[in-house]
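J.: Got protein-v1.cif for you, mmCIF, C-alpha atoms:
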data_coords
#
loop_
_atom_site.label_atom_id
_atom_site.label_comp_id
_atom_site.auth_asym_id
_atom_site.auth_seq_id
_atom_site.Cartn_x
_atom_site.Cartn_y
_atom_site.Cartn_z
CA MET A 1 -172.28 273.20 31.25
CA LYS A 2 -174.91 275.51 32.74
CA ARG A 3 -174.43 279.27 32.80
CA PHE A 4 -176.50 282.05 34.34
CA CYS A 5 -176.86 285.55 33.01
CA PHE A 6 -178.29 288.44 34.99
CA LEU A 7 -179.16 291.45 32.88
CA VAL A 8 -181.42 294.44 33.26
CA VAL A 9 -183.21 295.21 29.99
CA PHE A 10 -185.17 298.43 29.45
CA THR A 11 -188.08 298.05 27.02
CA PHE A 12 -191.12 300.37 26.80
CA GLY A 13 -190.62 301.50 30.36
CA TYR A 14 -190.37 298.00 31.86
CA VAL A 15 -187.38 296.60 33.73
CA PHE A 16 -186.53 292.92 33.39
CA SER A 17 -184.03 290.89 35.40
CA ILE A 18 -183.41 287.73 33.42
CA VAL A 19 -182.07 284.37 34.57
CA ALA A 20 -180.94 282.23 31.64
CA SER A 21 -179.66 278.74 31.01
CA GLU A 22 -177.87 277.05 28.15
CA THR A 23 -179.14 273.62 29.22
CA SER A 24 -181.62 272.46 26.61
CA VAL A 25 -183.64 269.25 26.41
CA ASN A 26 -185.73 268.76 23.27
CA GLY A 27 -185.59 272.48 22.51
CA ILE A 28 -186.73 273.69 25.94
CA TYR A 29 -184.29 275.42 28.29
CA TYR A 30 -184.31 274.46 31.97
CA ASN A 31 -182.72 275.27 35.27
CA PHE A 32 -182.30 272.04 37.27
CA ASP A 33 -182.46 271.60 41.04
CA LYS A 34 -180.31 268.51 41.58
CA THR A 35 -181.20 268.30 45.25
CA ASN A 36 -184.96 268.05 44.81
CA PHE A 37 -184.87 266.72 41.23
CA THR A 38 -187.12 269.49 39.95
CA ALA A 39 -186.80 271.72 36.90
CA LYS A 40 -188.13 275.06 35.72
CA VAL A 41 -188.49 276.33 32.18
CA THR A 42 -186.22 279.32 31.74
CA TYR A 43 -184.94 281.90 29.29
CA LYS A 44 -182.83 280.64 26.42
CA GLY A 45 -179.11 281.14 27.03
CA ALA A 46 -176.90 283.40 24.95
CA GLU A 47 -173.49 282.69 23.47
CA ASP A 48 -171.87 285.58 25.29
CA ASP A 49 -172.98 286.58 28.77
CA TRP A 50 -172.26 290.22 28.10
CA MET A 51 -174.16 290.26 24.77
CA TYR A 52 -177.80 289.59 25.70
CA ASP A 53 -179.77 290.06 22.50
CA TYR A 54 -183.09 288.38 21.78
CA THR A 55 -185.46 288.34 18.84
CA GLY A 56 -188.74 286.51 18.35
CA GLU A 57 -187.15 284.20 15.80
CA GLU A 58 -184.58 282.99 18.33
CA GLN A 59 -186.95 282.33 21.25
CA TYR A 60 -189.78 279.84 21.68
CA VAL A 61 -191.77 279.63 18.44
CA GLY A 62 -195.13 278.13 17.46
CA ILE A 63 -196.20 275.45 19.95
CA LEU A 64 -194.40 274.96 23.25
CA ASN A 65 -195.45 271.66 24.85
CA VAL A 66 -193.96 271.50 28.33
CA PRO A 67 -193.62 267.91 29.67
CA GLU A 68 -194.31 266.75 33.23
CA THR A 69 -190.84 265.26 33.55
CA VAL A 70 -187.54 265.67 31.76
CA VAL A 71 -184.48 263.37 31.76
CA TYR A 72 -181.10 265.10 32.09
CA GLU A 73 -177.74 263.34 32.55
CA GLY A 74 -179.55 260.11 33.42
CA ASP A 75 -181.77 261.61 36.13
CA THR A 76 -185.49 262.35 35.89
CA TYR A 77 -186.66 265.80 36.97
CA THR A 78 -190.26 266.97 37.58
CA VAL A 79 -191.08 270.23 35.77
CA ILE A 80 -192.66 272.44 38.45
CA GLY A 81 -192.70 275.93 36.98
CA PHE A 82 -191.36 278.83 34.92
CA ASP A 83 -188.52 281.11 35.98
CA ASP A 84 -188.86 284.91 35.88
CA ASP A 85 -189.09 286.14 32.26
CA ALA A 86 -188.85 282.56 30.99
CA LEU A 87 -190.66 283.25 27.71
CA ILE A 88 -189.79 286.93 27.34
CA GLY A 89 -189.56 288.13 23.74
CA SER A 90 -191.11 284.97 22.25
CA LYS A 91 -193.14 287.03 19.83
CA LEU A 92 -193.78 284.02 17.55
CA LEU A 93 -195.04 281.72 20.32
CA GLU A 94 -198.71 280.91 19.61
CA ILE A 95 -199.73 277.92 21.76
CA LEU A 96 -198.51 276.86 25.21
CA VAL A 97 -199.29 273.47 26.81
CA ILE A 98 -198.84 273.32 30.60
CA PRO A 99 -198.75 270.00 32.51
CA ALA A 100 -200.39 269.18 35.86
CA THR A 101 -197.03 269.44 37.67
CA VAL A 102 -196.48 273.15 36.97
CA THR A 103 -197.54 275.19 40.02
CA GLU A 104 -195.08 278.10 39.96
CA PHE A 105 -194.77 281.12 37.66
CA GLY A 106 -192.16 283.82 38.10
CA THR A 107 -192.72 287.44 37.15
CA GLY A 108 -192.73 288.59 33.54
CA VAL A 109 -192.99 285.08 32.11
CA PHE A 110 -195.22 286.14 29.19
CA THR A 111 -193.70 289.57 28.50
CA LEU A 112 -193.80 290.47 24.78
CA CYS A 113 -195.46 287.15 23.83
CA ASN A 114 -197.74 289.10 21.53
CA SER A 115 -198.81 286.16 19.31
CA LEU A 116 -199.80 283.84 22.14
CA HIS A 117 -203.51 283.08 21.67
CA THR A 118 -204.07 279.67 23.30
CA ILE A 119 -203.01 278.02 26.54
CA TYR A 120 -203.87 274.43 27.44
CA ILE A 121 -203.60 273.35 31.09
CA ASP A 122 -203.88 269.73 32.16
CA GLU A 123 -207.14 269.16 34.03
CA GLY A 124 -205.18 267.58 36.87
CA ASN A 125 -203.36 270.83 37.64
CA SER A 126 -204.20 271.79 41.23
CA THR A 127 -203.08 275.43 40.96
CA PHE A 128 -204.14 276.78 37.56
CA PHE A 129 -207.03 276.26 35.16
CA MET A 130 -208.38 277.70 31.92
CA TYR A 131 -211.88 279.08 31.37
CA ASP A 132 -213.00 280.60 28.07
CA LYS A 133 -209.43 281.24 26.85
CA VAL A 134 -208.28 282.92 30.09
CA MET A 135 -205.90 281.52 32.74
CA TYR A 136 -207.02 281.52 36.40
CA LYS A 137 -205.47 280.62 39.73
CA ARG A 138 -207.47 278.38 42.07
CA ASN A 139 -206.45 279.48 45.57
CA PRO A 140 -207.16 282.24 46.11
CA LEU A 141 -209.45 282.34 43.06
CA SER A 142 -208.15 285.06 40.75
CA LEU A 143 -207.63 285.93 37.12
CA PHE A 144 -203.98 285.12 36.44
CA PHE A 145 -203.22 285.78 32.75
CA VAL A 146 -204.92 286.64 29.46
CA PRO A 147 -203.03 285.59 26.30
CA ARG A 148 -202.31 288.81 24.39
CA ALA A 149 -203.60 287.52 21.05
CA VAL A 150 -206.91 286.24 22.45
CA SER A 151 -209.90 287.36 20.38
CA GLY A 152 -213.69 287.13 20.11
CA SER A 153 -216.15 287.03 23.02
CA ILE A 154 -214.85 286.37 26.53
CA GLU A 155 -216.90 285.40 29.57
CA VAL A 156 -215.06 286.05 32.83
CA TYR A 157 -215.22 283.16 35.30
CA SER A 158 -217.98 283.54 37.91
CA GLY A 159 -216.56 284.00 41.40
CA ILE A 160 -213.86 286.44 40.35
CA THR A 161 -214.26 289.68 42.35
CA THR A 162 -211.66 291.82 40.57
CA ILE A 163 -210.55 292.31 36.97
CA PRO A 164 -206.82 292.98 37.55
CA SER A 165 -204.82 295.92 36.25
CA SER A 166 -204.01 295.68 32.53
CA ALA A 167 -205.51 292.16 32.42
CA PHE A 168 -206.93 292.45 28.88
CA GLN A 169 -204.84 295.40 27.72
CA SER A 170 -204.45 295.52 23.92
CA CYS A 171 -206.22 292.18 23.41
CA ASN A 172 -208.33 291.59 20.30
CA ILE A 173 -211.56 290.74 22.11
CA THR A 174 -214.88 292.00 20.72
CA GLU A 175 -217.09 291.31 23.73
CA VAL A 176 -216.63 290.78 27.46
CA ILE A 177 -219.24 289.37 29.84
CA ILE A 178 -218.48 290.39 33.41
CA PRO A 179 -220.19 288.21 36.06
CA GLU A 180 -222.23 289.31 39.07
CA SER A 181 -219.32 288.49 41.40
CA VAL A 182 -217.07 291.30 40.08
CA THR A 183 -217.01 294.47 42.18
CA THR A 184 -213.90 296.23 40.85
CA ILE A 185 -212.44 296.78 37.38
CA LYS A 186 -208.85 297.85 38.00
CA ASP A 187 -206.77 300.45 36.18
CA GLY A 188 -206.09 299.77 32.52
CA ALA A 189 -207.97 296.44 32.62
CA PHE A 190 -209.28 296.79 29.04
CA ASN A 191 -207.11 299.67 27.86
CA ASN A 192 -206.58 299.81 24.09
CA CYS A 193 -208.88 296.87 23.25
CA ILE A 194 -209.63 298.51 19.92
CA TRP A 195 -212.10 295.82 18.72
CA LEU A 196 -214.17 295.73 21.91
CA ASP A 197 -217.71 296.82 21.00
CA ASN A 198 -219.87 295.20 23.70
CA VAL A 199 -219.50 295.11 27.48
CA VAL A 200 -222.02 293.23 29.60
CA MET A 201 -221.41 294.38 33.14
CA GLY A 202 -222.60 292.54 36.26
CA ASN A 203 -224.81 294.27 38.80
CA ARG A 204 -222.23 294.44 41.61
CA VAL A 205 -219.52 296.53 39.95
CA SER A 206 -218.94 299.53 42.22
CA SER A 207 -215.68 300.93 40.88
CA ILE A 208 -214.23 301.37 37.38
CA GLU A 209 -210.68 302.60 37.85
CA ARG A 210 -208.29 304.78 35.90
CA ASP A 211 -207.94 304.02 32.15
CA ALA A 212 -210.02 300.85 32.54
CA PHE A 213 -211.59 301.17 29.08
CA SER A 214 -209.56 304.01 27.60
CA SER A 215 -208.90 303.88 23.84
CA CYS A 216 -211.53 301.17 23.27
CA SER A 217 -212.31 302.89 19.99
CA SER A 218 -215.04 300.45 18.82
CA LEU A 219 -217.16 300.68 21.98
CA GLN A 220 -220.46 302.32 21.03
CA GLU A 221 -222.72 302.01 24.06
CA ILE A 222 -222.45 300.68 27.58
CA GLU A 223 -225.01 300.03 30.31
CA PHE A 224 -223.78 300.95 33.77
CA PRO A 225 -225.14 298.98 36.75
CA ALA A 226 -226.94 300.68 39.63
CA SER A 227 -224.15 299.44 41.92
CA LEU A 228 -221.57 301.70 40.24
CA GLN A 229 -220.32 304.47 42.54
CA THR A 230 -217.04 305.64 40.98
CA ILE A 231 -215.74 306.13 37.45
CA GLY A 232 -212.00 306.79 37.60
CA ASN A 233 -209.74 309.21 35.77
CA SER A 234 -209.65 308.65 31.99
CA ALA A 235 -211.70 305.46 32.43
CA PHE A 236 -213.38 305.84 29.02
CA SER A 237 -211.18 308.48 27.40
CA SER A 238 -210.74 308.24 23.62
CA CYS A 239 -213.64 305.81 23.19
CA GLU A 240 -214.33 307.56 19.92
CA CYS A 241 -217.44 305.58 18.91
CA LEU A 242 -219.20 305.87 22.28
CA SER A 243 -222.43 307.61 21.33
CA LYS A 244 -224.63 307.62 24.43
CA ILE A 245 -224.20 306.97 28.15
CA THR A 246 -226.81 306.64 30.87
CA LEU A 247 -225.35 306.92 34.34
CA ASN A 248 -227.66 305.17 36.79
CA ASN A 249 -228.64 306.43 40.21
CA GLY A 250 -225.98 305.43 42.73
CA LEU A 251 -223.02 306.93 40.88
CA LYS A 252 -221.24 309.51 43.04
CA THR A 253 -218.10 310.64 41.22
CA ILE A 254 -216.76 310.92 37.68
CA GLY A 255 -212.98 311.32 37.55
CA SER A 256 -210.95 313.80 35.53
CA TYR A 257 -210.83 313.13 31.77
CA ALA A 258 -213.13 310.12 32.34
CA PHE A 259 -214.92 310.56 28.98
CA SER A 260 -212.57 313.03 27.31
CA HIS A 261 -212.10 312.79 23.55
CA CYS A 262 -215.24 310.68 23.09
CA SER A 263 -215.87 312.51 19.85
CA TRP A 264 -219.19 310.82 18.94
CA LEU A 265 -220.80 311.14 22.36
CA SER A 266 -224.04 313.05 21.76
CA SER A 267 -226.00 312.77 25.02
CA VAL A 268 -225.47 311.99 28.67
CA THR A 269 -227.83 311.45 31.61
CA LEU A 270 -226.55 312.51 35.03
CA PRO A 271 -228.17 310.75 38.03
CA SER A 272 -229.49 312.42 41.17
CA SER A 273 -226.80 310.72 43.29
CA LEU A 274 -223.92 312.41 41.43
CA THR A 275 -221.87 314.78 43.61
CA LEU A 276 -218.70 315.39 41.56
CA ILE A 277 -217.65 315.63 37.92
CA ASP A 278 -213.91 316.20 38.05
CA ASP A 279 -211.71 318.37 35.86
CA LYS A 280 -212.24 318.00 32.08
CA ALA A 281 -214.17 314.75 32.43
CA PHE A 282 -215.94 315.52 29.11
CA TYR A 283 -213.15 317.54 27.49
CA PHE A 284 -213.22 317.53 23.67
CA CYS A 285 -216.60 315.77 23.52
CA GLU A 286 -217.59 318.12 20.74
CA SER A 287 -220.75 316.21 19.76
CA LEU A 288 -222.16 316.30 23.30
CA LYS A 289 -225.18 318.51 22.67
CA LYS A 290 -227.75 317.15 25.14
CA VAL A 291 -227.38 316.78 28.91
CA ASN A 292 -230.16 315.31 31.06
CA ASN A 293 -229.32 316.59 34.53
CA ASN A 294 -231.03 314.85 37.45
CA SER A 295 -228.28 315.84 39.88
CA ASN A 296 -228.02 318.86 42.17
CA LEU A 297 -225.04 320.16 40.21
CA ASP A 298 -225.49 323.53 38.53
CA ILE A 299 -225.01 322.58 34.87
CA GLN A 300 -224.89 325.55 32.51
CA ILE A 301 -224.56 325.54 28.71
CA GLY A 302 -221.11 326.63 27.58
CA ALA A 303 -219.53 326.39 31.05
CA GLU A 304 -216.14 324.81 31.70
CA THR A 305 -217.25 323.82 35.17
CA HIS A 306 -218.29 320.29 36.14
CA GLY A 307 -215.85 318.66 33.78
CA TYR A 308 -216.94 320.50 30.59
CA VAL A 309 -220.10 318.35 30.57
CA ALA A 310 -222.20 321.14 29.02
CA TYR A 311 -219.43 323.12 27.34
CA TYR A 312 -220.56 322.02 23.85
CA ALA A 313 -224.24 321.54 24.77
CA THR A 314 -227.22 323.15 23.09
CA GLU A 315 -229.72 321.64 25.52
CA VAL A 316 -229.66 320.95 29.26
CA ILE A 317 -232.78 319.31 30.69
CA THR A 318 -232.99 319.47 34.47
CA GLY A 319 -234.89 316.97 36.59
CA THR A 320 -237.48 316.00 34.01
CA GLU A 321 -235.96 313.07 32.20
CA SER A 322 -236.10 309.42 33.24
CA SER A 323 -232.65 307.87 33.40
CA VAL A 324 -233.78 305.24 30.89
CA SER A 325 -235.28 305.90 27.49
CA PHE A 326 -235.99 303.70 24.46
CA THR A 327 -236.67 304.80 20.92
CA GLU A 328 -239.36 302.12 20.60
CA ILE A 329 -241.66 300.39 23.09
CA PHE A 330 -242.80 297.16 21.51
CA SER A 331 -246.13 295.56 22.40
CA THR A 332 -245.46 291.91 21.45
CA PRO A 333 -243.82 290.27 24.46
CA ILE A 334 -241.83 287.03 24.59
CA PHE A 335 -242.42 286.77 28.32
CA SER A 336 -245.30 286.40 30.75
CA MET A 337 -246.08 287.59 34.27
CA LYS A 338 -247.58 285.31 36.91
CA ASN A 339 -247.55 285.00 40.70
CA GLY A 340 -245.03 287.78 41.22
CA GLU A 341 -242.61 286.45 38.61
CA ILE A 342 -241.65 287.38 35.08
CA HIS A 343 -241.00 284.36 32.87
CA PHE A 344 -238.91 284.62 29.67
CA GLU A 345 -239.04 282.26 26.69
CA HIS A 346 -236.76 281.92 23.63
CA VAL A 347 -234.18 284.38 24.96
CA LYS A 348 -231.00 282.29 24.67
CA LYS A 349 -227.99 284.50 23.77
CA SER A 350 -230.12 287.64 24.28
CA HIS A 351 -229.10 290.48 26.59
CA VAL A 352 -231.94 291.01 29.08
CA SER A 353 -232.18 294.13 31.28
CA ILE A 354 -234.93 295.17 33.70
CA PHE A 355 -235.41 298.72 34.97
CA THR A 356 -237.80 300.27 37.45
CA ILE A 357 -240.15 302.81 35.91
CA ASP A 358 -237.91 305.64 37.14
CA GLY A 359 -234.91 304.12 35.36
CA LYS A 360 -233.06 302.18 38.06
CA LEU A 361 -231.32 299.11 36.63
CA ILE A 362 -232.13 296.01 38.73
CA PHE A 363 -231.11 293.15 36.42
CA SER A 364 -228.82 292.86 33.39
CA ARG A 365 -227.02 289.92 31.81
CA LYS A 366 -226.56 287.90 28.64
CA VAL A 367 -228.76 284.81 28.93
CA ASP A 368 -227.28 281.35 28.36
CA GLU A 369 -230.55 279.42 28.75
CA ASP A 370 -233.61 279.41 26.48
CA SER A 371 -236.01 280.27 29.30
CA PHE A 372 -235.83 281.52 32.89
CA SER A 373 -237.95 283.18 35.58
CA LEU A 374 -237.22 286.10 37.88
CA PRO A 375 -239.20 287.20 40.97
CA LEU A 376 -240.29 290.85 40.98
CA SER A 377 -242.27 292.96 43.40
CA VAL A 378 -245.66 294.27 42.35
CA GLY A 379 -245.24 297.33 40.16
CA GLN A 380 -244.43 298.72 36.72
CA TYR A 381 -241.14 297.96 34.95
CA ILE A 382 -239.31 298.49 31.69
CA VAL A 383 -237.86 295.31 30.20
CA ARG A 384 -235.19 295.46 27.51
CA ILE A 385 -234.36 292.41 25.38
CA ASP A 386 -231.42 293.29 23.12
CA SER A 387 -232.58 296.44 21.31
CA LYS A 388 -236.31 296.10 22.08
CA GLY A 389 -238.10 297.64 25.05
CA TYR A 390 -241.35 296.70 26.79
CA ASN A 391 -243.57 298.25 29.44
CA VAL A 392 -244.73 295.57 31.87
CA MET A 393 -246.88 295.46 35.02
CA ILE A 394 -246.33 292.83 37.72
CA THR A 395 -249.43 291.98 39.73
CA LYS A 396 -250.30 289.29 42.21
#
Produce C-alpha cells that represent the structure in this file.
T.:
Amino acid sequence: MKRFCFLVVFTFGYVFSIVASETSVNGIYYNFDKTNFTAKVTYKGAEDDWMYDYTGEEQYVGILNVPETVVYEGDTYTVIGFDDDALIGSKLLEILVIPATVTEFGTGVFTLCNSLHTIYIDEGNSTFFMYDKVMYKRNPLSLFFVPRAVSGSIEVYSGITTIPSSAFQSCNITEVIIPESVTTIKDGAFNNCIWLDNVVMGNRVSSIERDAFSSCSSLQEIEFPASLQTIGNSAFSSCECLSKITLNNGLKTIGSYAFSHCSWLSSVTLPSSLTLIDDKAFYFCESLKKVNNNSNLDIQIGAETHGYVAYYATEVITGTESSVSFTEIFSTPIFSMKNGEIHFEHVKKSHVSIFTIDGKLIFSRKVDEDSFSLPLSVGQYIVRIDSKGYNVMITK
C-alpha cells in the first residue's frame, strides 16, 4: 500500500513540504506513475502520518545507486527523477549514482545532506553532467548543485556566466578557479567556506554580491579583475586572514560592511574610478593602517566617513601610488618577447597575471599548459608568476 504525507517542517529558517512513500524496492523509496510507467525517488515513508520524524540514521546512508528501471508488482518503471525533498535529512549519505534516465529534480532534494561528497552521473544523461566534482545542467548551461562535503580545489566549468546564490556555501574547498565566462558571483555563493585560501577570478567578473565570500576565514589575499564594478554588502566581511587588497581601476562602489571585521587587513588601494564606499565598509578593520587613495574621495585619517576606510589609519597616500606593487622584482625571466607576443615556458600550474605599468590588470589565470603565448601591444608591463614579479618591455 502506498501512502502520502504532507508536512511542513521548520528547520534553520527553511520551510519544507514533503511528499513521502512507503513503497520500497531494494531499499529505495519511489512514487510510481502507473499510467506512464515512470518512477521518482522520494522521501522515506513514516509509520504514522502524523508523526514525521527523521534522523540521518533512518534515511539514505552511504552509497545510493539509483537504477534506470525498477520492477514493481510485475511492471517495469523507468526512473525519471527525484521528488521534492527526496533525500532530505540524509546526513550519512556520501555517494550518489544517477542514471541517464533521470532528468527531473524537485526542490530541496539535497537539503541537510551534509556528508555528500561525490555524485556520479551516467555519461548518457542528456540533462545533467558532472565537472570537477560539481553538478551542472546542460540546457540552459548552469551550475546546478555542489555536494556539501566537496573539498580541495574546484575549477568551475567554462561557459558558466553566474555562480548561483549559496552555491558553495559552507563547503570544504581550499581553492576555486573561476573562468573567464563568469560575470556575476551571486549572494552567499562562497559564504562560510572556512578553508578557502585561494580564489582565481576570471577577467569578466563585474559584480560580487552580498555575502559572496563572507566568513571565508582562511582567505589571505585576492586579486580583483579590472572588470569588477561592484562589491556588495558584506561581500568579504569576517575574512579574518585577508591581509591586503588592491582594488583595480574600474571599481565604482563598495557596499556597506563589505570588508568589515577583516581584522588582519593592513593596507588597501582605492582606484581612481571609485565613487562610493558605503556605510561601515571597513568597520572593525583595526589593522588597516595604510590607505593608498587614487580616488576623488576625501579620505581623512580617523574619519568615520567613507566606510571607516581610514578610521584606524596612520597613513593615507593620495594619488601617488601605483595600484600594483611587488616586494621583489626578479630579473631572471621564464618567458620571452618576440613579434608583439610574450611567450611563457614551464609555467604549468602557475598563476600568471599581467598588469599595465600603471597597475591595470589585463590577464590573470591559473595555467594548465606548460607553455603558451599571448599577444600584447608595444609598451611596458608588469608580469606576475605566482609570487614573483617582472618588469618587461614589448617591442616590435
J.: When the PyMOL selection byres ((chain A and resi 305-314) around 10) is applied to the file above, which residues end up in the set, as a VMD selection string?
T.: chain A and resid 254 to 260 266 to 268 270 275 to 291 297 to 304 315 to 316
J.: Using the chain letters and numbers from the file, which residues does the PyMOL selection byres ((chain A and resi 252) around 6) grab, as a ChimeraX atom specification?
T.: /A:229,251,253,273-275
J.: Do a neighbour search on Asp83 of chain A at 9 Å with only C-alpha atoms, toss out local chain neighbours closer than 2 positions, and write the hits as a list in words.
T.: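 Contacts, with the query itself left out: Ile18, Val19, Ala20, Tyr30, Asn31, Lys40, Val41, Thr42, Tyr43, Gly81, Asp85, Ala86, Leu87, Glu104, Phe105, Gly106, Thr107, Gly108 and Val109 of chain A.
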J.: Just to confirm, what's the straight-line distance from atom CA of Lys34 of chain A to atom CA of Pro67 of chain A in Å (one decimal)?
T.: 17.9 Å
J.: Could you list, as a PyMOL selection string, every residue matched by the PyMOL selection byres ((chain A and resi 355-371) around 8) in this structure?
T.: chain A and resi 177+200-203+225-226+248-249+322-324+343-354+372-373+380-383
J.: Kindly give the distance, in Å, that separates atom CA of Phe236 of chain A and atom CA of Val150 of chain A, rounded to a single decimal.
T.: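 According to the coordinates, atom CA of Phe236 of chain A and atom CA of Val150 of chain A are separated by 21.7 Å.
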J.: Rank A:Asn36, A:Thr269, A:Ser181, A:Ser238 by their smallest atom-to-atom distance to Phe224 of chain A, using only C-alpha atoms, and report the top residue only.
T.: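 Of A:Asn36, A:Thr269, A:Ser181, A:Ser238, the one nearest Phe224 of chain A is A:Thr269, counting only C-alpha atoms.
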J.: Could you work out how far atom CA of Val176 of chain A lies from atom CA of Asn391 of chain A, giving the answer in Å with one decimal?
T.: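 Between these atoms lies a distance of 28.0 Å.
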J.: Using only C-alpha atoms, pick whichever of A:Gly379, A:Ile88, A:Tyr157, A:Phe190 has the shortest atom-to-atom distance to Ile394 of chain A.
T.: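 The closest residue to Ile394 of chain A is A:Gly379.
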J.: Name the closest residue to Thr246 of chain A among the candidates A:Val61, A:Met393, A:Leu265, A:Ile80; distances are taken between atoms, counting all atoms listed in the file.
T.: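 Using all atoms listed in the file, the shortest distance to Thr246 of chain A belongs to A:Leu265.
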J.: Looking at all atoms listed in the file, which of A:Tyr72, A:Pro140, A:Pro147, A:Thr101 is the one that sits closest to Ser126 of chain A?
T.: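 Among A:Tyr72, A:Pro140, A:Pro147, A:Thr101, it is A:Thr101 that comes nearest to Ser126 of chain A.
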J.: So that I can see what lies close to Ser217 of chain A, please list as number ranges by chain the residues with an atom at most 7 Å from it, counting all atoms listed in the file and leaving out residues fewer than 5 positions away in the same chain.
T.: A: 194, 238-241
J.: Using the file's own x, y and z axes, so that the box edges lie along x, y and z, what centre and edge lengths in Å (one decimal) does a box around every listed atom of segment 119-128 of chain A get when 4 Å is added on each side? Give it as AutoDock Vina command-line options.
T.:
--center_x -205.1 --center_y 272.8 --center_z 33.9 --size_x 12.1 --size_y 18.4 --size_z 22.7
J.: Rebuild segment 158-164 of chain A to all heavy atoms - output it as a PDB file, in the frame of the given file, please.
T.:
ATOM      1  N   SER A 158    -217.163 283.122  36.779  1.00  0.00           N
ATOM      2  CA  SER A 158    -217.980 283.540  37.910  1.00  0.00           C
ATOM      3  C   SER A 158    -217.288 283.196  39.220  1.00  0.00           C
ATOM      4  O   SER A 158    -216.772 282.097  39.401  1.00  0.00           O
ATOM      5  CB  SER A 158    -219.349 282.857  37.853  1.00  0.00           C
ATOM      6  OG  SER A 158    -220.160 283.277  38.931  1.00  0.00           O
ATOM      7  N   GLY A 159    -217.267 284.148  40.137  1.00  0.00           N
ATOM      8  CA  GLY A 159    -216.560 284.000  41.400  1.00  0.00           C
ATOM      9  C   GLY A 159    -215.405 284.972  41.511  1.00  0.00           C
ATOM     10  O   GLY A 159    -214.979 285.323  42.622  1.00  0.00           O
ATOM     11  N   ILE A 160    -214.906 285.418  40.362  1.00  0.00           N
ATOM     12  CA  ILE A 160    -213.860 286.440  40.350  1.00  0.00           C
ATOM     13  C   ILE A 160    -214.450 287.750  40.871  1.00  0.00           C
ATOM     14  O   ILE A 160    -215.524 288.181  40.457  1.00  0.00           O
ATOM     15  CB  ILE A 160    -213.329 286.637  38.912  1.00  0.00           C
ATOM     16  CG1 ILE A 160    -212.661 285.368  38.408  1.00  0.00           C
ATOM     17  CG2 ILE A 160    -212.354 287.812  38.845  1.00  0.00           C
ATOM     18  CD1 ILE A 160    -211.472 284.931  39.214  1.00  0.00           C
ATOM     19  N   THR A 161    -213.764 288.418  41.794  1.00  0.00           N
ATOM     20  CA  THR A 161    -214.260 289.680  42.350  1.00  0.00           C
ATOM     21  C   THR A 161    -213.587 290.900  41.739  1.00  0.00           C
ATOM     22  O   THR A 161    -214.132 292.002  41.821  1.00  0.00           O
ATOM     23  CB  THR A 161    -214.065 289.721  43.865  1.00  0.00           C
ATOM     24  OG1 THR A 161    -212.670 289.573  44.170  1.00  0.00           O
ATOM     25  CG2 THR A 161    -214.847 288.609  44.538  1.00  0.00           C
ATOM     26  N   THR A 162    -212.426 290.695  41.110  1.00  0.00           N
ATOM     27  CA  THR A 162    -211.660 291.820  40.570  1.00  0.00           C
ATOM     28  C   THR A 162    -211.116 291.479  39.190  1.00  0.00           C
ATOM     29  O   THR A 162    -210.561 290.398  38.994  1.00  0.00           O
ATOM     30  CB  THR A 162    -210.482 292.175  41.496  1.00  0.00           C
ATOM     31  OG1 THR A 162    -210.979 292.528  42.789  1.00  0.00           O
ATOM     32  CG2 THR A 162    -209.674 293.340  40.939  1.00  0.00           C
ATOM     33  N   ILE A 163    -211.270 292.400  38.248  1.00  0.00           N
ATOM     34  CA  ILE A 163    -210.550 292.310  36.970  1.00  0.00           C
ATOM     35  C   ILE A 163    -209.231 293.049  37.185  1.00  0.00           C
ATOM     36  O   ILE A 163    -209.222 294.257  37.412  1.00  0.00           O
ATOM     37  CB  ILE A 163    -211.334 292.971  35.818  1.00  0.00           C
ATOM     38  CG1 ILE A 163    -212.765 292.432  35.729  1.00  0.00           C
ATOM     39  CG2 ILE A 163    -210.591 292.753  34.502  1.00  0.00           C
ATOM     40  CD1 ILE A 163    -212.897 291.004  35.338  1.00  0.00           C
ATOM     41  N   PRO A 164    -208.084 292.355  37.160  1.00  0.00           N
ATOM     42  CA  PRO A 164    -206.820 292.980  37.550  1.00  0.00           C
ATOM     43  C   PRO A 164    -206.361 294.083  36.589  1.00  0.00           C
ATOM     44  O   PRO A 164    -206.830 294.193  35.458  1.00  0.00           O
ATOM     45  CB  PRO A 164    -205.831 291.807  37.513  1.00  0.00           C
ATOM     46  CG  PRO A 164    -206.663 290.582  37.525  1.00  0.00           C
ATOM     47  CD  PRO A 164    -207.935 290.931  36.827  1.00  0.00           C
TER      48      PRO A 164
END
